[in-house]
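S.K.: There's a structure below that I have some questions on.
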Amino acid sequence: MAQYTNVSAVPLSLAIFLAHDAYDYDNDPHTISATSLIKPLRQLILAARVPTEDAVVDLVQLVPSRMGSAIHDAIERAWKDNHKTAMTHLGFPAKVIDKVRINPKPEDLFEGCIPIYLEQRAHRKVGKFTVSGKFDFVGDGRVEDFKSTSTYTAVNNTNDDKYILQGSIYRWLNPTIVTKDEMAIQFIFTDWNRAKAANDPKYPQSRIQQRVLGLKSLPETSAFIERKLSQIEAYWEAPEEELPLCTDEDLWRSEPVFKYYKNPEKTARSTKNFDTKQEAMLRYVEDGSRGIVKEVPGQVTACKYCPAFSVCSQKDQLIANGDLLME
C-alpha cells in the first residue's frame, strides 16, 4: 500500500480525498492489466523494483489521477442512477429511453435493445499470465475512454497509438460486447482556454472533444499481447543495464530545434530558431554564410512522471546529456 507525504500542507478536507485509492488492484504477479501492457517494457519492469521507501508519494502529485477517477465515477453514477431523467431533458423520446439497459446480462437483451456497459472488468488467460482490463464505457458496441487531460495531448496526438492499443485490448477482452472496429476518446480538457480557441483553429474548439480512432484487428491485438508478455517474462529478472532503453516516443521527446547564430562569436542567445535544418541553413546563406547553425536535440519529459525514476540509469544519462531538465 502506498505511503503519502503532505509537503504542501493540503488541508485534511482534501487530503482524505487525495489519499483515498479505490482502484481494484490485483496482487497476483501473473496478472497484467491492459494499461500496463501498453507501458514501455523498461518502465513496467523497473517500477516493480522500486524500494518501498522510495515509493512514498506526495499528495499533490495525486491531483490529476484523483480528478480523473472522480470524473469517471460521476459519469458511471449518472448513467446508473439518472439516465432516464437526463435523457428526457436532452429531448430523447420515451420509446428510445425505454430500450436502454445498463450493464445487461445476455438474457436481458432483446430486439431493439440499447445496451450500455460501464466500468466492466474482464480477464483472459494467456499461458501463465492473466490479462485484465476495465473499460470506461461501451455504447452500441463501441468502446469509449474518458480522458481528463491537457489540450497539449489532443493537439499533438501524443498518445493516439497508446489509446488505440488500449481500446484494442478491451475489444480482445470483450469481443461480444465491443463489436465495432473503432473507438472514441472523449477528451475533457483541464486547461482549455476560450481565447486560444477563438484565435487558433488547430486548438480544441470546445472544452470537450471527441476523437474517433480505428482499432487494431483481433489477430494483431493478440499478437501484440503475446509478444509483450513474452518480453516481460524474458526480461523480468534481467539486470537493469540489460533492459531495453525507452525510445524517443516512450520518452515524449520533443522535436529538435535548429538555432541560427548570425555572429558565431556571440552564442549566448540565438538570432532565430527554426524547426528544420533546411530553414536554418537558408537563413545562414541569406546572411552571407558567416554564421553558424546548432542543432539542439529535443527534450524528454516522460521520465518526470515515471514510477521507475529512482532506479533507472537511462534517466541519469539523459540528465547528464542535458536532454532531461529537472528544474
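Residues are referred to by chain and number: the chain letter is A, B, ... according to the order shown in the C-alpha cells, the number counts from 1 in that chain, and ligands are numbered separately from 1 in the order shown.
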Just the residues within 12 Å of stretch 41-52 of chain A, please, counting only C-alpha atoms, with nothing from its chain fewer than 5 positions along; format it as an MDAnalysis selection string.
M.R.: chainID A and resid 1:4 27 29 32:36 57 227:247 250:251 302:303 305:315
S.K.: Using DSSP on the backbone coordinates, identify all residues within stretch 91-212 of chain A classified as strand (DSSP E or B); present the result as a VMD selection string.
M.R.: chain A and resid 100 to 102 114 to 118 121 to 126 129 to 134 137 to 139 142 to 149 182 to 189 208 to 212
S.K.: Determine, using only C-alpha atoms, which residues of stretch 113-162 of chain A have any atom at most 12 Å from an atom of stretch 11-26 of chain A, and tabulate each with its shortest atom pair and distance in Å to one decimal place, rows ordered by chain and then rising number, as a Markdown table.
M.R.:
```
| residue | atom | partner | partner_atom | distance |
| --- | --- | --- | --- | --- |
| A:Glu119 | CA | A:Asp24 | CA | 11.4 |
| A:Gln120 | CA | A:Asp24 | CA | 11.7 |
| A:Arg121 | CA | A:Asp24 | CA | 9.7 |
| A:His123 | CA | A:Asp26 | CA | 11.4 |
| A:Thr130 | CA | A:Asp26 | CA | 10.5 |
| A:Val131 | CA | A:Asp26 | CA | 11.0 |
| A:Ser132 | CA | A:Asp26 | CA | 9.3 |
| A:Gly133 | CA | A:Asp24 | CA | 10.7 |
| A:Lys134 | CA | A:Asp24 | CA | 9.9 |
```
S.K.: Can I get the selection written as a PDB file, in the first residue's frame, with N, CA, C and O atoms?
M.R.:
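File produced: out19.pdb:
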```
ATOM      1  N   GLU A 119     -17.645   0.541 -16.886  1.00  0.00           N
ATOM      2  CA  GLU A 119     -16.653   0.106 -15.890  1.00  0.00           C
ATOM      3  C   GLU A 119     -16.712  -1.402 -15.637  1.00  0.00           C
ATOM      4  O   GLU A 119     -16.753  -1.864 -14.493  1.00  0.00           O
ATOM      5  N   GLN A 120     -16.699  -2.188 -16.702  1.00  0.00           N
ATOM      6  CA  GLN A 120     -16.734  -3.642 -16.581  1.00  0.00           C
ATOM      7  C   GLN A 120     -15.325  -4.211 -16.713  1.00  0.00           C
ATOM      8  O   GLN A 120     -14.636  -3.952 -17.695  1.00  0.00           O
ATOM      9  N   ARG A 121     -14.887  -4.986 -15.728  1.00  0.00           N
ATOM     10  CA  ARG A 121     -13.563  -5.606 -15.790  1.00  0.00           C
ATOM     11  C   ARG A 121     -13.672  -7.022 -16.346  1.00  0.00           C
ATOM     12  O   ARG A 121     -14.565  -7.779 -15.950  1.00  0.00           O
ATOM     13  N   HIS A 123     -11.249 -10.599 -17.747  1.00  0.00           N
ATOM     14  CA  HIS A 123      -9.972 -11.311 -17.619  1.00  0.00           C
ATOM     15  C   HIS A 123      -9.868 -12.354 -18.729  1.00  0.00           C
ATOM     16  O   HIS A 123     -10.875 -12.923 -19.153  1.00  0.00           O
ATOM     17  N   THR A 130      -2.525 -13.736 -16.811  1.00  0.00           N
ATOM     18  CA  THR A 130      -3.917 -13.328 -16.952  1.00  0.00           C
ATOM     19  C   THR A 130      -3.919 -11.853 -17.317  1.00  0.00           C
ATOM     20  O   THR A 130      -3.360 -11.026 -16.595  1.00  0.00           O
ATOM     21  N   VAL A 131      -4.519 -11.541 -18.444  1.00  0.00           N
ATOM     22  CA  VAL A 131      -4.644 -10.150 -18.866  1.00  0.00           C
ATOM     23  C   VAL A 131      -5.988  -9.633 -18.389  1.00  0.00           C
ATOM     24  O   VAL A 131      -7.021 -10.286 -18.578  1.00  0.00           O
ATOM     25  N   SER A 132      -5.983  -8.478 -17.737  1.00  0.00           N
ATOM     26  CA  SER A 132      -7.226  -7.901 -17.234  1.00  0.00           C
ATOM     27  C   SER A 132      -7.369  -6.471 -17.746  1.00  0.00           C
ATOM     28  O   SER A 132      -6.392  -5.819 -18.112  1.00  0.00           O
ATOM     29  N   GLY A 133      -8.591  -6.009 -17.768  1.00  0.00           N
ATOM     30  CA  GLY A 133      -8.828  -4.637 -18.203  1.00  0.00           C
ATOM     31  C   GLY A 133     -10.238  -4.209 -17.887  1.00  0.00           C
ATOM     32  O   GLY A 133     -11.172  -5.013 -17.953  1.00  0.00           O
ATOM     33  N   LYS A 134     -10.398  -2.927 -17.528  1.00  0.00           N
ATOM     34  CA  LYS A 134     -11.714  -2.379 -17.233  1.00  0.00           C
ATOM     35  C   LYS A 134     -11.945  -1.176 -18.143  1.00  0.00           C
ATOM     36  O   LYS A 134     -11.287  -0.140 -18.004  1.00  0.00           O
TER      37      LYS A 134
END
```
S.K.: Neighbours of A:Thr267 within 12 Å (only C-alpha atoms; same-chain residues fewer than 6 positions away dropped), as an MDAnalysis selection string?
M.R.: chainID A and resid 259:261 291:294
S.K.: Mind writing the picked residues with all heavy atoms as a short mmCIF file (atom, residue, chain, number, x, y, z; two decimals), in the first residue's frame?
M.R.:
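Final file, again_38.cif:
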```cif
data_model
loop_
_atom_site.label_atom_id
_atom_site.label_comp_id
_atom_site.auth_asym_id
_atom_site.auth_seq_id
_atom_site.Cartn_x
_atom_site.Cartn_y
_atom_site.Cartn_z
N LYS A 259 19.16 26.19 -34.07
CA LYS A 259 19.41 27.57 -33.66
C LYS A 259 20.45 28.22 -34.58
O LYS A 259 21.54 27.68 -34.76
CB LYS A 259 19.89 27.61 -32.21
CG LYS A 259 18.82 27.16 -31.21
CD LYS A 259 19.23 27.45 -29.78
CE LYS A 259 18.09 27.14 -28.81
NZ LYS A 259 18.42 27.54 -27.44
N TYR A 260 20.07 29.35 -35.13
CA TYR A 260 20.97 30.08 -36.02
C TYR A 260 21.55 31.28 -35.28
O TYR A 260 20.81 32.05 -34.64
CB TYR A 260 20.21 30.55 -37.26
CG TYR A 260 20.97 31.59 -38.06
CD1 TYR A 260 22.16 31.26 -38.71
CD2 TYR A 260 20.50 32.90 -38.16
CE1 TYR A 260 22.87 32.21 -39.43
CE2 TYR A 260 21.20 33.84 -38.88
CZ TYR A 260 22.38 33.50 -39.50
OH TYR A 260 23.09 34.44 -40.21
N TYR A 261 22.88 31.38 -35.35
CA TYR A 261 23.59 32.50 -34.74
C TYR A 261 24.27 33.29 -35.86
O TYR A 261 25.18 32.78 -36.52
CB TYR A 261 24.65 32.00 -33.75
CG TYR A 261 24.07 31.17 -32.62
CD1 TYR A 261 23.89 29.79 -32.77
CD2 TYR A 261 23.72 31.75 -31.41
CE1 TYR A 261 23.36 29.01 -31.75
CE2 TYR A 261 23.20 30.98 -30.38
CZ TYR A 261 23.02 29.62 -30.55
OH TYR A 261 22.51 28.85 -29.53
N GLY A 291 27.47 32.90 -40.35
CA GLY A 291 27.05 32.50 -39.02
C GLY A 291 27.24 31.00 -38.79
O GLY A 291 27.99 30.33 -39.50
N ILE A 292 26.54 30.48 -37.81
CA ILE A 292 26.58 29.03 -37.53
C ILE A 292 25.18 28.55 -37.18
O ILE A 292 24.33 29.33 -36.72
CB ILE A 292 27.54 28.68 -36.36
CG1 ILE A 292 27.14 29.43 -35.08
CG2 ILE A 292 28.99 28.94 -36.74
CD1 ILE A 292 27.92 28.98 -33.87
N VAL A 293 24.95 27.27 -37.43
CA VAL A 293 23.69 26.63 -37.08
C VAL A 293 23.99 25.49 -36.12
O VAL A 293 24.83 24.64 -36.40
CB VAL A 293 22.96 26.10 -38.33
CG1 VAL A 293 21.73 25.29 -37.92
CG2 VAL A 293 22.55 27.25 -39.24
N LYS A 294 23.30 25.49 -34.99
CA LYS A 294 23.48 24.43 -34.00
C LYS A 294 22.16 23.67 -33.82
O LYS A 294 21.10 24.28 -33.69
CB LYS A 294 23.91 25.00 -32.64
CG LYS A 294 25.32 25.56 -32.62
CD LYS A 294 25.70 25.97 -31.20
CE LYS A 294 27.14 26.45 -31.14
NZ LYS A 294 27.53 26.85 -29.74
#
```
S.K.: Residues of stretch 192-282 of chain A that have any atom at most 9 Å from an atom of stretch 176-183 of chain A: could you tabulate them with the shortest-distance atom pair and the distance in Å to one decimal, using only C-alpha atoms, ordered by chain and increasing number, as a Markdown table?
M.R.:
```
| residue | atom | partner | partner_atom | distance |
| --- | --- | --- | --- | --- |
| A:Arg211 | CA | A:Met183 | CA | 8.4 |
| A:Val212 | CA | A:Met183 | CA | 5.7 |
| A:Leu213 | CA | A:Met183 | CA | 5.4 |
| A:Gly214 | CA | A:Glu182 | CA | 4.2 |
| A:Leu215 | CA | A:Glu182 | CA | 5.1 |
| A:Lys216 | CA | A:Asp181 | CA | 7.6 |
| A:Ser217 | CA | A:Asp181 | CA | 7.7 |
```
S.K.: How many Å lie between atom CA of A:Thr88 and atom CA of A:Pro204, rounded to one decimal?
M.R.: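 Atom CA of A:Thr88 sits 28.8 Å away from atom CA of A:Pro204.
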S.K.: Using only C-alpha atoms, determine which residues lie at most 8 Å from A:Asp323, disregarding the query and same-chain residues fewer than 5 positions distant; provide the list as a CSV table (one decimal) with N, CA, C and O atoms, in the first residue's frame.
M.R.:
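For reference, result36.csv as written:
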```csv
chain,number,residue,atom,x,y,z
A,297,PRO,N,19.0,18.9,-29.6
A,297,PRO,CA,18.1,17.8,-29.5
A,297,PRO,C,16.9,18.1,-28.7
A,297,PRO,O,16.9,18.9,-27.8
A,298,GLY,N,15.8,17.4,-29.1
A,298,GLY,CA,14.5,17.6,-28.4
A,298,GLY,C,14.6,17.2,-26.9
A,298,GLY,O,15.4,16.2,-26.6
A,299,GLN,N,13.9,17.8,-26.1
A,299,GLN,CA,13.9,17.5,-24.6
A,299,GLN,C,12.9,16.3,-24.4
A,299,GLN,O,11.9,16.2,-25.1
A,300,VAL,N,13.2,15.6,-23.3
A,300,VAL,CA,12.3,14.5,-22.9
A,300,VAL,C,11.6,14.9,-21.6
A,300,VAL,O,12.2,15.6,-20.8
A,318,LEU,N,20.3,10.8,-19.5
A,318,LEU,CA,19.6,11.8,-20.1
A,318,LEU,C,19.8,13.2,-19.4
A,318,LEU,O,19.9,14.2,-20.1
```
S.K.: For A:Phe187, which residue among A:Lys277, A:Lys147, A:Arg171, A:His89 is the nearest when counting only C-alpha atoms?
M.R.: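 Closest residue, counting only C-alpha atoms: A:Lys147.
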S.K.: With only C-alpha atoms as the basis for distance, which of A:Asp140, A:Thr153, A:Leu282, A:Val126 is at the shortest distance from A:Arg101?
M.R.: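 Between A:Asp140, A:Thr153, A:Leu282, A:Val126, the residue approaching A:Arg101 most closely is A:Asp140.
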S.K.: Could you tell me, as a list in words, which residues of stretch 239-296 of chain A DSSP assigns to helix (DSSP H, G or I) when given the backbone?
M.R.: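 Assigned to helix (DSSP H, G or I), within stretch 239-296 of chain A: Glu240, Glu241, Glu242, Lys277, Gln278, Glu279, Ala280, Met281, Leu282, Arg283, Tyr284, Val285 and Glu286 of chain A.
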S.K.: Rounded to one decimal place, report the atom CA of A:Leu37-atom CA of A:Ile225 distance in Å.
M.R.: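 Taking atom CA of A:Leu37 and atom CA of A:Ile225, their separation equals 7.4 Å.
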S.K.: Give me, please, the distance in Å between atom CA of A:Val60 and atom CA of A:Ala320, quoted to one decimal.
M.R.: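 These two atoms are separated by 27.7 Å.
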S.K.: Please list as a PyMOL selection string every residue within 8 Å of A:Ser148, counting only C-alpha atoms and excluding residues in the same chain fewer than 5 positions away.
M.R.: chain A and resi 67-68+71+187-190
S.K.: Taking 5 positions as the minimum chain separation for residues in the same chain, which residues sit within 10 Å of A:Glu76 when counting only C-alpha atoms? Answer as a CSV table (one decimal) with N, CA and C atoms, in the first residue's frame.
M.R.:
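Produced file selection_19.csv, reproduced below:
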```
chain,number,residue,atom,x,y,z
A,70,ALA,N,-12.5,10.8,-10.2
A,70,ALA,CA,-13.8,11.4,-9.7
A,70,ALA,C,-14.7,11.6,-10.9
A,71,ILE,N,-14.2,12.0,-12.1
A,71,ILE,CA,-15.0,12.2,-13.3
A,71,ILE,C,-15.6,10.9,-13.7
A,81,ASP,N,-27.9,5.9,-12.2
A,81,ASP,CA,-28.9,6.4,-11.3
A,81,ASP,C,-29.9,7.4,-11.9
A,82,ASN,N,-29.5,8.0,-13.1
A,82,ASN,CA,-30.3,9.1,-13.6
A,82,ASN,C,-30.4,9.2,-15.1
A,83,HIS,N,-30.1,8.1,-15.8
A,83,HIS,CA,-30.0,8.3,-17.3
A,83,HIS,C,-31.4,8.6,-17.9
A,117,TYR,N,-22.7,-0.4,-21.4
A,117,TYR,CA,-21.9,-1.0,-20.4
A,117,TYR,C,-20.9,0.0,-19.8
A,118,LEU,N,-20.7,0.0,-18.5
A,118,LEU,CA,-19.9,0.9,-17.8
A,118,LEU,C,-18.9,0.2,-16.8
A,119,GLU,N,-17.6,0.5,-16.9
A,119,GLU,CA,-16.7,0.1,-15.9
A,119,GLU,C,-16.7,-1.4,-15.6
A,136,ASP,N,-14.1,2.0,-19.8
A,136,ASP,CA,-14.9,3.1,-19.2
A,136,ASP,C,-16.4,3.0,-19.7
A,137,PHE,N,-16.6,2.8,-21.0
A,137,PHE,CA,-17.9,2.9,-21.5
A,137,PHE,C,-18.0,2.1,-22.8
```
S.K.: Of the candidates A:Asp98, A:Lys304, A:Leu173, A:Pro40, which shows the shortest atom-to-atom distance to A:Phe110, using only C-alpha atoms?
M.R.: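 Distance minimum relative to A:Phe110 lands on A:Asp98.
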